[in-house]
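**Student:** Take a look at the following structure, please.
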Amino acid sequence: MNEKTKLNDIIKKLGLGGLPSLKELKFILNINEESRQVLAEAARGLSLKAFGNKIYLRGLIEISSYCKNNCFYCGIRQGNAKAERYRLSKAEILSCCKTGAELGFKTFVLQGGEDPYYNDDVMCEIVAKIKSSFPQCAVTLSLGERSYESYKRLYDAGADRYLLRHETADEAHYGRLHPKQMSLQNRKKCLFNLKEIGYQTGCGIMVGSPYQTAETILQDLEFMKELEPHMIGIGPFVSHKDTPFKDFPNGSVDMTLILLSVLRLMFPKVLLPATTALGTLDPQGREKGILAGANVLMPNLSPVGVRKKYSLYDNKICTGEEAAECRMCLRNRISKIGYEVIDCRGDYGIKY
Ligand code: SAH
């Protein structure tokens, strides 16, 4: 069978709800430029059908660079003595939201390391205040692993969505990315809890993380089928100089684009961002992500003074611009490829 027929068969299979076989996955992860275009076009057709040429924006507020965890890939791991630490106060977070709301943002993503300062009382107060001040806006949290009760309290305080990348669904691989205090089992449990509580829930992986293989990626796809997430965040692994993974190569942009397309084919309605990590490794990365099937962008709303300190990986882009500039820049970039940024909450399952 030639490459084209093989590719078309896989595209068809994924579109019908099937998982690729390991052989098919290996094939698709290594297709040439011409085939990548065919794949992207098929995926893009589905995102156009689900969302039109509209791109949803999420204003990202990086609330803390303190973290009690020690993930081997991450620049703000506790063990990185060189990391500069900060945490935003409730007033600072609200001020970011105010700026965002004035610019038209309808979703705020509060992300941070696992910082015990933001216990349930503190966090619920912040969430409730954002929701009462900006009732038209959705709040997404991305604060790592917490108990069922904690997720429930935050949900009852008004949080709408939660992002928790599972990082890898392969036990052995998970163990090579994280210290032994952390477990894949708990991570998965958290994701199922979030869904059960009623959050729009997001999982995801880094593409090209150390020790990742086609086998582990297949497990990721299987896990996603089981979880049925509303959002999937994937971006290339980008090495950070002060982590145990400093000597590992960055993930591949092309492979990230291929996987974005695969995910779009498998999950036609899923909210799929073209991530900052993708834009960091390729100046056109986010545009390419959208053309490969992504439908969400997450510009930075954090105070400019702290952005460099939220250093998950090296050379992160957009650390110097004010929120308004970031928004303008993205709007222009996106219109150049025929898409339009729109100001809506961008909830799962709704066409705006
Ligand atoms: N503490 C939260 C937020 C983590 S940061 C949590 O545990 O979910 C958000 C994501 O950034 C992580 O889930 C990880 O997938 C990604 N990330 C961390 N280090 C990275 C690196 N070096 N390169 C690319 N992505 C990275």
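Identifiers in this document derive from the order of the structure tokens: chains are assigned A, B, ..., residues are numbered from 1 separately in each chain, and ligands are numbered from 1 in order of occurrence.
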Near Ile197 (chain A), counting only C-alpha atoms, which residues have an atom at most 7 Å away, once you skip same-chain residues fewer than 3 positions from it, shown as a list in words?

**Tutor:** Lys152, Asn193 and Leu194 of chain A

**Student:** Kindly work out which residues sit at most 7 Å from ligand 1, using only C-alpha atoms and all ligand atoms, and give the list as a PyMOL selection string.

**Tutor:** chain A and resi 73-75+111-114+142-145+163-165+167+204-206+235-240+277+312-313

**Student:** Any idea what's packed within 10 Å of Ala274 (chain A), counting only C-alpha atoms, ignoring anything in its chain fewer than 6 positions away? Could you give it as a PyMOL selection string?

**Tutor:** chain A and resi 233-235+256-257+260+285-298

**Student:** One number please: CA of Lys54 (chain A) to CA of Leu265 (chain A), in Å, one decimal.

**Tutor:**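 A separation of 18.0 Å between them.
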
**Student:** List the neighbours of Pro179 (chain A) out to 12 Å using only C-alpha atoms; skip same-chain residues closer than 4 positions along the sequence, and give me the result as a PyMOL selection string.

**Tutor:** chain A and resi 68-73+77-79+172-175+183-184+244

**Student:** Please, could you write that set of residues out with N, CA and C atoms as a short mmCIF file (atom, residue, chain, number, x, y, z; two decimals), in the first residue's frame?

**Tutor:**
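Saved to selection-v7.cif:
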data_model
loop_
_atom_site.label_atom_id
_atom_site.label_comp_id
_atom_site.auth_asym_id
_atom_site.auth_seq_id
_atom_site.Cartn_x
_atom_site.Cartn_y
_atom_site.Cartn_z
N LYS A 68 5.46 22.54 45.42
CA LYS A 68 5.98 21.55 46.36
C LYS A 68 6.45 20.29 45.64
N ASN A 69 6.17 20.21 44.35
CA ASN A 69 6.54 19.01 43.60
C ASN A 69 7.92 19.14 42.95
N ASN A 70 8.37 18.01 42.42
CA ASN A 70 9.72 17.98 41.86
C ASN A 70 9.76 17.28 40.51
N CYS A 71 8.79 17.57 39.66
CA CYS A 71 8.72 16.95 38.34
C CYS A 71 10.04 17.23 37.60
N PHE A 72 10.61 16.19 37.02
CA PHE A 72 11.97 16.30 36.48
C PHE A 72 12.09 17.27 35.30
N TYR A 73 10.97 17.52 34.63
CA TYR A 73 11.01 18.36 33.42
C TYR A 73 10.79 19.83 33.71
N ARG A 77 10.12 23.40 39.56
CA ARG A 77 10.17 22.31 40.55
C ARG A 77 10.83 22.81 41.83
N GLN A 78 10.39 22.23 42.92
CA GLN A 78 10.89 22.68 44.21
C GLN A 78 12.41 22.63 44.29
N GLY A 79 12.99 21.61 43.70
CA GLY A 79 14.44 21.42 43.80
C GLY A 79 15.27 22.41 43.00
N ALA A 172 5.38 3.18 33.63
CA ALA A 172 6.84 3.23 33.70
C ALA A 172 7.34 4.60 33.26
N HIS A 173 6.72 5.11 32.20
CA HIS A 173 7.11 6.45 31.70
C HIS A 173 6.81 7.51 32.76
N TYR A 174 5.65 7.40 33.38
CA TYR A 174 5.29 8.37 34.43
C TYR A 174 6.37 8.39 35.51
N GLY A 175 6.83 7.20 35.85
CA GLY A 175 7.86 7.07 36.88
C GLY A 175 9.20 7.66 36.49
N SER A 183 2.14 9.74 41.64
CA SER A 183 1.71 8.53 40.94
C SER A 183 0.71 8.82 39.83
N LEU A 184 0.84 8.03 38.79
CA LEU A 184 -0.09 8.14 37.67
C LEU A 184 -1.51 7.82 38.14
N PRO A 244 16.74 18.29 35.94
CA PRO A 244 17.46 17.05 35.62
C PRO A 244 17.38 16.70 34.12
#

**Student:** Would you please extract all strand (DSSP E) residues from region 193-262 of chain A, as assigned by DSSP on the backbone, and give them as a PyMOL selection string?

**Tutor:** chain A and resi 200-207+231-236

**Student:** In Å, how far is it from CA of Arg307 (chain A) to CA of Phe105 (chain A)?

**Tutor:**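 Computing it gives 18.9 Å between the two atoms.
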
**Student:** Mind checking which residues fall within 12 Å of Thr213 (chain A), counting only C-alpha atoms, ignoring those fewer than 2 positions away in the same chain, and posting them as a list in words?

**Tutor:**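 Once the nearby chain positions are removed, what remains is Leu22, Leu25, Lys26, Leu29, Thr168, Ala169, Asp170, Ala172, His173, Met206, Val207, Gly208, Ser209, Pro210, Tyr211, Glu215, Thr216, Ile217, Leu218, Gln219, Asp220, Gly251 and Met255 of chain A.
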
**Student:** Considering only C-alpha atoms, state which residue in the set A:Leu281, A:Cys137, A:Cys344, A:Ile232 is at the smallest distance from Lys269 (chain A).

**Tutor:** A:Ile232
